[in-house]
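Source file: start.pdb. Holds: PDB, C-alpha atoms.
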ATOM      1  CA  GLN A  20     -54.984  42.363  -8.534
ATOM      2  CA  VAL A  21     -53.522  45.693  -7.511
ATOM      3  CA  GLN A  22     -52.331  48.432  -9.814
ATOM      4  CA  LEU A  23     -49.967  51.071  -8.495
ATOM      5  CA  VAL A  24     -49.535  54.446 -10.140
ATOM      6  CA  GLU A  25     -46.796  56.770  -8.926
ATOM      7  CA  SER A  26     -46.707  60.514  -9.435
ATOM      8  CA  GLY A  27     -44.934  63.567  -8.113
ATOM      9  CA  GLY A  28     -41.459  63.049  -9.464
ATOM     10  CA  GLY A  29     -39.551  65.787 -11.213
ATOM     11  CA  LEU A  30     -36.568  68.086 -11.125
ATOM     12  CA  VAL A  31     -35.613  69.767  -7.865
ATOM     13  CA  GLN A  32     -32.569  71.640  -6.655
ATOM     14  CA  PRO A  33     -30.400  70.249  -3.860
ATOM     15  CA  GLY A  34     -32.003  71.053  -0.544
ATOM     16  CA  GLY A  35     -35.457  71.095  -2.077
ATOM     17  CA  SER A  36     -38.498  68.934  -1.442
ATOM     18  CA  LEU A  37     -40.786  66.646  -3.401
ATOM     19  CA  ARG A  38     -43.806  64.614  -2.450
ATOM     20  CA  LEU A  39     -44.353  61.339  -4.247
ATOM     21  CA  SER A  40     -47.764  59.725  -4.382
ATOM     22  CA  CYS A  41     -48.725  56.146  -5.128
ATOM     23  CA  ALA A  42     -52.363  55.489  -5.866
ATOM     24  CA  ALA A  43     -53.461  51.876  -5.567
ATOM     25  CA  SER A  44     -56.459  50.312  -7.242
ATOM     26  CA  GLY A  45     -58.183  47.292  -5.844
ATOM     27  CA  SER A  46     -59.884  46.486  -2.595
ATOM     28  CA  SER A  47     -57.010  44.955  -0.666
ATOM     29  CA  PHE A  48     -54.838  48.013  -0.151
ATOM     30  CA  SER A  49     -55.155  47.930   3.605
ATOM     31  CA  TYR A  50     -53.823  44.359   3.758
ATOM     32  CA  TYR A  51     -50.475  45.189   2.236
ATOM     33  CA  ALA A  52     -47.267  46.681   3.431
ATOM     34  CA  MET A  53     -46.445  49.592   1.170
ATOM     35  CA  GLY A  54     -42.979  50.689   0.280
ATOM     36  CA  TRP A  55     -40.924  53.068  -1.768
ATOM     37  CA  TYR A  56     -37.818  51.804  -3.496
ATOM     38  CA  ARG A  57     -35.384  53.545  -5.795
ATOM     39  CA  GLN A  58     -32.933  52.600  -8.473
ATOM     40  CA  ALA A  59     -30.169  54.826  -9.726
ATOM     41  CA  PRO A  60     -28.348  54.135 -13.003
ATOM     42  CA  GLY A  61     -25.910  51.266 -12.613
ATOM     43  CA  LYS A  62     -27.125  50.447  -9.122
ATOM     44  CA  GLN A  63     -29.431  47.870  -7.612
ATOM     45  CA  ARG A  64     -32.918  48.755  -6.536
ATOM     46  CA  GLU A  65     -32.952  49.590  -2.836
ATOM     47  CA  LEU A  66     -35.503  50.112  -0.124
ATOM     48  CA  VAL A  67     -36.143  53.736   0.748
ATOM     49  CA  ALA A  68     -39.022  53.424   3.176
ATOM     50  CA  GLU A  69     -41.782  51.020   4.068
ATOM     51  CA  ILE A  70     -44.960  51.229   6.115
ATOM     52  CA  THR A  71     -46.794  48.175   7.373
ATOM     53  CA  ARG A  72     -50.514  47.582   7.630
ATOM     54  CA  SER A  73     -50.391  48.781  11.218
ATOM     55  CA  GLY A  74     -48.387  51.889  10.408
ATOM     56  CA  ILE A  75     -44.947  50.766  11.499
ATOM     57  CA  THR A  76     -42.324  52.484   9.386
ATOM     58  CA  ASN A  77     -38.843  51.525   8.336
ATOM     59  CA  TYR A  78     -36.345  53.772   6.570
ATOM     60  CA  ALA A  79     -33.018  53.397   4.862
ATOM     61  CA  ASP A  80     -30.298  54.996   6.946
ATOM     62  CA  SER A  81     -29.505  57.371   4.105
ATOM     63  CA  VAL A  82     -32.954  59.001   4.263
ATOM     64  CA  LYS A  83     -33.761  58.922   7.972
ATOM     65  CA  GLY A  84     -34.745  62.327   9.214
ATOM     66  CA  ARG A  85     -35.321  63.636   5.690
ATOM     67  CA  PHE A  86     -38.022  61.394   4.213
ATOM     68  CA  THR A  87     -41.394  60.478   5.641
ATOM     69  CA  ILE A  88     -43.692  57.711   4.423
ATOM     70  CA  SER A  89     -47.404  57.767   5.159
ATOM     71  CA  ARG A  90     -50.557  56.039   3.970
ATOM     72  CA  ASP A  91     -54.269  56.624   3.899
ATOM     73  CA  GLY A  92     -56.478  53.572   3.600
ATOM     74  CA  ALA A  93     -59.543  55.565   2.694
ATOM     75  CA  LYS A  94     -57.714  57.075  -0.271
ATOM     76  CA  ASN A  95     -55.748  53.922  -1.159
ATOM     77  CA  THR A  96     -52.680  56.091  -1.336
ATOM     78  CA  VAL A  97     -49.183  56.088   0.072
ATOM     79  CA  TRP A  98     -46.933  59.138   0.038
ATOM     80  CA  LEU A  99     -43.243  59.782   0.365
ATOM     81  CA  GLN A 100     -42.376  63.273   1.547
ATOM     82  CA  MET A 101     -38.778  63.989   0.632
ATOM     83  CA  ASN A 102     -37.030  66.961   2.187
ATOM     84  CA  SER A 103     -33.450  68.206   2.034
ATOM     85  CA  LEU A 104     -32.908  66.336  -1.198
ATOM     86  CA  LYS A 105     -29.374  65.518  -2.238
ATOM     87  CA  PRO A 106     -27.906  64.652  -5.644
ATOM     88  CA  GLU A 107     -27.455  61.093  -4.402
ATOM     89  CA  ASP A 108     -31.226  60.817  -3.991
ATOM     90  CA  MET A 109     -31.624  61.033  -7.742
ATOM     91  CA  ALA A 110     -33.173  57.824  -9.054
ATOM     92  CA  VAL A 111     -36.314  56.244 -10.374
ATOM     93  CA  TYR A 112     -38.642  55.735  -7.422
ATOM     94  CA  TYR A 113     -40.957  52.752  -7.359
ATOM     95  CA  CYS A 114     -43.972  51.995  -5.241
ATOM     96  CA  ARG A 115     -44.461  48.461  -3.934
ATOM     97  CA  ALA A 116     -47.358  46.653  -2.334
ATOM     98  CA  ARG A 117     -46.669  43.301  -0.767
ATOM     99  CA  SER A 118     -48.195  40.772   1.556
ATOM    100  CA  ARG A 119     -46.441  39.850   4.759
ATOM    101  CA  ASN A 120     -44.862  36.710   3.262
ATOM    102  CA  TYR A 121     -44.238  38.306  -0.160
ATOM    103  CA  SER A 122     -46.624  35.850  -1.823
ATOM    104  CA  VAL A 123     -48.355  38.890  -3.248
ATOM    105  CA  ASP A 124     -46.027  41.484  -4.650
ATOM    106  CA  TYR A 125     -46.913  44.415  -6.899
ATOM    107  CA  TRP A 126     -44.784  47.209  -8.321
ATOM    108  CA  GLY A 127     -45.589  50.505  -9.931
ATOM    109  CA  GLN A 128     -44.011  51.770 -13.120
ATOM    110  CA  GLY A 129     -41.730  54.256 -11.391
ATOM    111  CA  THR A 130     -41.307  58.011 -11.314
ATOM    112  CA  GLN A 131     -38.077  59.875 -11.966
ATOM    113  CA  VAL A 132     -36.594  62.134  -9.321
ATOM    114  CA  THR A 133     -33.791  64.391 -10.485
ATOM    115  CA  VAL A 134     -31.817  66.457  -7.999
ATOM    116  CA  SER A 135     -29.645  68.979  -9.729
ATOM    117  CA  SER A 136     -28.799  72.655  -9.703
TER     118      SER A 136
END
I'd like the structure from this file rewritten - as structure tokens, please.
Amino acid sequence: QVQLVESGGGLVQPGGSLRLSCAASGSSFSYYAMGWYRQAPGKQRELVAEITRSGITNYADSVKGRFTISRDGAKNTVWLQMNSLKPEDMAVYYCRARSRNYSVDYWGQGTQVTVSS
């Protein structure tokens, strides 16, 4: 069993930065791919960024060059550094831990990111 707790969301002006954190409990953190997803009102949840066990990253086109995902196995934590934030980045951001074949799949409770002047 893995529990994921996100933090770091909040209100930021356009062009600003936020750093989201996802702390994972449990001993199997290093076995999972970790990802950040987001869901805006009236829209489907979408992948923002993912990092595999070996550190390979994948980003949505809309955030490439602005967001950076990273992980630390010793701290059981994954981060999402978000720079140059835009109003369209505003959403609830969720952390996900999954096995390679999705047979194990955990989600956090989400953290709100609001981008507004």
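For region 89-103 of chain A, the non-local neighbours within 7 Å, defined as residues at least 3 positions apart in the same chain or in other chains and counting all atoms listed in the file, are Pro33, Gly34, Gly35, Ser36, Leu37, Arg38, Leu39, Ser40, Cys41, Ala42, Ala43, Phe48, Ser49, Arg85 and Phe86 of chain A.
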Export, as a PDB file, in the coordinates of the input, the selected residues with C-alpha atoms.
ATOM      1  CA  PRO A  33     -30.400  70.249  -3.860  1.00  0.00           C
ATOM      2  CA  GLY A  34     -32.003  71.053  -0.544  1.00  0.00           C
ATOM      3  CA  GLY A  35     -35.457  71.095  -2.077  1.00  0.00           C
ATOM      4  CA  SER A  36     -38.498  68.934  -1.442  1.00  0.00           C
ATOM      5  CA  LEU A  37     -40.786  66.646  -3.401  1.00  0.00           C
ATOM      6  CA  ARG A  38     -43.806  64.614  -2.450  1.00  0.00           C
ATOM      7  CA  LEU A  39     -44.353  61.339  -4.247  1.00  0.00           C
ATOM      8  CA  SER A  40     -47.764  59.725  -4.382  1.00  0.00           C
ATOM      9  CA  CYS A  41     -48.725  56.146  -5.128  1.00  0.00           C
ATOM     10  CA  ALA A  42     -52.363  55.489  -5.866  1.00  0.00           C
ATOM     11  CA  ALA A  43     -53.461  51.876  -5.567  1.00  0.00           C
ATOM     12  CA  PHE A  48     -54.838  48.013  -0.151  1.00  0.00           C
ATOM     13  CA  SER A  49     -55.155  47.930   3.605  1.00  0.00           C
ATOM     14  CA  ARG A  85     -35.321  63.636   5.690  1.00  0.00           C
ATOM     15  CA  PHE A  86     -38.022  61.394   4.213  1.00  0.00           C
TER      16      PHE A  86
END
**Protein and nucleic acid residues near (-31.1, 58.4, -4.7) (cut-off 12 Å, all atoms listed in the file) as a ChimeraX atom specification** = /A:33,55-67,79,81-82,86,101,104-113,131-135
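The spacing separating CA of Ile75 (chain A) from CA of Ile88 (chain A) amounts to 10.0 Å.
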Specify the axis-aligned box that encloses all atoms of region 26-33 of chain A listed in the file after padding of 3 Å on each side, stating its centre and edge lengths in Å to one decimal as lines of an AutoDock Vina configuration file.
center_x = -38.6
center_y = 66.1
center_z = -7.5
size_x = 22.3
size_y = 17.1
size_z = 13.4
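Taking CA of Ile70 (chain A) and CA of Val31 (chain A) as endpoints, the distance between them is 25.0 Å.
For the residues A:Gly45, A:Leu30, A:Tyr51, A:Val21, ranking by smallest atom-to-atom distance to Ser118 (chain A) using all atoms listed in the file places A:Tyr51 first.
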**Request:** Select, counting only C-alpha atoms, all protein, DNA and RNA residues no farther than 12 Å from (-44.3, 47.5, 10.3) in file coordinates, and express the selection as a ChimeraX atom specification.
**Result:** /A:50-54,68-78,88-89,118-119
Render region 101-128 of chain A from the structure in the preceding block as a file of N, CA, C and O atoms, as a tab-separated table (two decimals), in the first residue's frame.
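Ended up saving to result_26.tsv:
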chain	number	residue	atom	x	y	z
A	101	MET	N	7.30	24.21	-11.40
A	101	MET	CA	6.50	24.85	-12.44
A	101	MET	C	6.92	26.31	-12.55
A	101	MET	O	6.79	27.08	-11.61
A	102	ASN	N	7.45	26.65	-13.71
A	102	ASN	CA	7.87	28.02	-13.97
A	102	ASN	C	7.02	28.63	-15.09
A	102	ASN	O	6.36	27.91	-15.84
A	103	SER	N	7.08	29.94	-15.18
A	103	SER	CA	6.34	30.65	-16.24
A	103	SER	C	4.89	30.20	-16.30
A	103	SER	O	4.36	29.88	-17.38
A	104	LEU	N	4.25	30.17	-15.16
A	104	LEU	CA	2.88	29.66	-15.09
A	104	LEU	C	1.91	30.55	-15.87
A	104	LEU	O	2.06	31.78	-15.91
A	105	LYS	N	0.94	29.89	-16.46
A	105	LYS	CA	-0.06	30.55	-17.27
A	105	LYS	C	-1.45	30.29	-16.67
A	105	LYS	O	-1.64	29.31	-15.97
A	106	PRO	N	-2.41	31.12	-16.97
A	106	PRO	CA	-3.77	30.87	-16.46
A	106	PRO	C	-4.29	29.49	-16.85
A	106	PRO	O	-5.03	28.87	-16.08
A	107	GLU	N	-3.88	29.01	-18.01
A	107	GLU	CA	-4.35	27.69	-18.44
A	107	GLU	C	-3.72	26.54	-17.66
A	107	GLU	O	-4.12	25.39	-17.82
A	108	ASP	N	-2.74	26.83	-16.83
A	108	ASP	CA	-2.17	25.81	-15.96
A	108	ASP	C	-3.00	25.61	-14.69
A	108	ASP	O	-2.74	24.69	-13.91
A	109	MET	N	-3.96	26.45	-14.50
A	109	MET	CA	-4.77	26.38	-13.28
A	109	MET	C	-5.61	25.11	-13.27
A	109	MET	O	-6.34	24.82	-14.23
A	110	ALA	N	-5.47	24.34	-12.21
A	110	ALA	CA	-6.14	23.04	-12.10
A	110	ALA	C	-5.84	22.45	-10.73
A	110	ALA	O	-5.03	22.99	-9.97
A	111	VAL	N	-6.50	21.34	-10.46
A	111	VAL	CA	-6.10	20.50	-9.33
A	111	VAL	C	-5.03	19.54	-9.85
A	111	VAL	O	-5.24	18.87	-10.86
A	112	TYR	N	-3.90	19.50	-9.16
A	112	TYR	CA	-2.79	18.65	-9.56
A	112	TYR	C	-2.73	17.42	-8.66
A	112	TYR	O	-2.77	17.53	-7.44
A	113	TYR	N	-2.62	16.28	-9.31
A	113	TYR	CA	-2.63	15.00	-8.61
A	113	TYR	C	-1.31	14.27	-8.83
A	113	TYR	O	-0.76	14.26	-9.94
A	114	CYS	N	-0.87	13.61	-7.80
A	114	CYS	CA	0.30	12.76	-7.87
A	114	CYS	C	-0.15	11.32	-8.09
A	114	CYS	O	-1.18	10.89	-7.54
A	115	ARG	N	0.62	10.59	-8.89
A	115	ARG	CA	0.27	9.20	-9.19
A	115	ARG	C	1.50	8.32	-9.07
A	115	ARG	O	2.59	8.70	-9.52
A	116	ALA	N	1.32	7.16	-8.51
A	116	ALA	CA	2.36	6.14	-8.47
A	116	ALA	C	1.80	4.89	-9.12
A	116	ALA	O	0.72	4.42	-8.75
A	117	ARG	N	2.51	4.35	-10.08
A	117	ARG	CA	1.98	3.19	-10.78
A	117	ARG	C	3.10	2.21	-11.11
A	117	ARG	O	4.26	2.58	-11.27
A	118	SER	N	2.71	0.96	-11.23
A	118	SER	CA	3.64	-0.05	-11.71
A	118	SER	C	3.68	0.01	-13.24
A	118	SER	O	2.85	0.66	-13.88
A	119	ARG	N	4.64	-0.69	-13.79
A	119	ARG	CA	4.85	-0.61	-15.24
A	119	ARG	C	3.60	-1.03	-16.02
A	119	ARG	O	3.29	-0.45	-17.06
A	120	ASN	N	2.90	-2.06	-15.52
A	120	ASN	CA	1.72	-2.55	-16.25
A	120	ASN	C	0.41	-2.02	-15.67
A	120	ASN	O	-0.67	-2.52	-15.99
A	121	TYR	N	0.51	-1.03	-14.79
A	121	TYR	CA	-0.65	-0.37	-14.19
A	121	TYR	C	-1.43	-1.30	-13.27
A	121	TYR	O	-2.54	-0.95	-12.86
A	122	SER	N	-0.88	-2.44	-12.91
A	122	SER	CA	-1.59	-3.33	-11.99
A	122	SER	C	-1.63	-2.73	-10.60
A	122	SER	O	-2.50	-3.06	-9.79
A	123	VAL	N	-0.68	-1.89	-10.30
A	123	VAL	CA	-0.67	-1.11	-9.07
A	123	VAL	C	-0.78	0.34	-9.47
A	123	VAL	O	-0.01	0.83	-10.30
A	124	ASP	N	-1.72	1.03	-8.85
A	124	ASP	CA	-2.01	2.39	-9.29
A	124	ASP	C	-2.57	3.18	-8.12
A	124	ASP	O	-3.66	2.90	-7.64
A	125	TYR	N	-1.80	4.17	-7.65
A	125	TYR	CA	-2.21	4.97	-6.52
A	125	TYR	C	-2.28	6.44	-6.91
A	125	TYR	O	-1.46	6.92	-7.72
A	126	TRP	N	-3.22	7.13	-6.29
A	126	TRP	CA	-3.39	8.57	-6.53
A	126	TRP	C	-3.39	9.33	-5.20
A	126	TRP	O	-3.87	8.83	-4.19
A	127	GLY	N	-2.90	10.53	-5.25
A	127	GLY	CA	-3.01	11.42	-4.12
A	127	GLY	C	-4.34	12.15	-4.14
A	127	GLY	O	-5.16	11.96	-5.05
A	128	GLN	N	-4.54	13.00	-3.14
A	128	GLN	CA	-5.82	13.68	-3.00
A	128	GLN	C	-5.91	14.96	-3.82
A	128	GLN	O	-7.00	15.52	-4.00
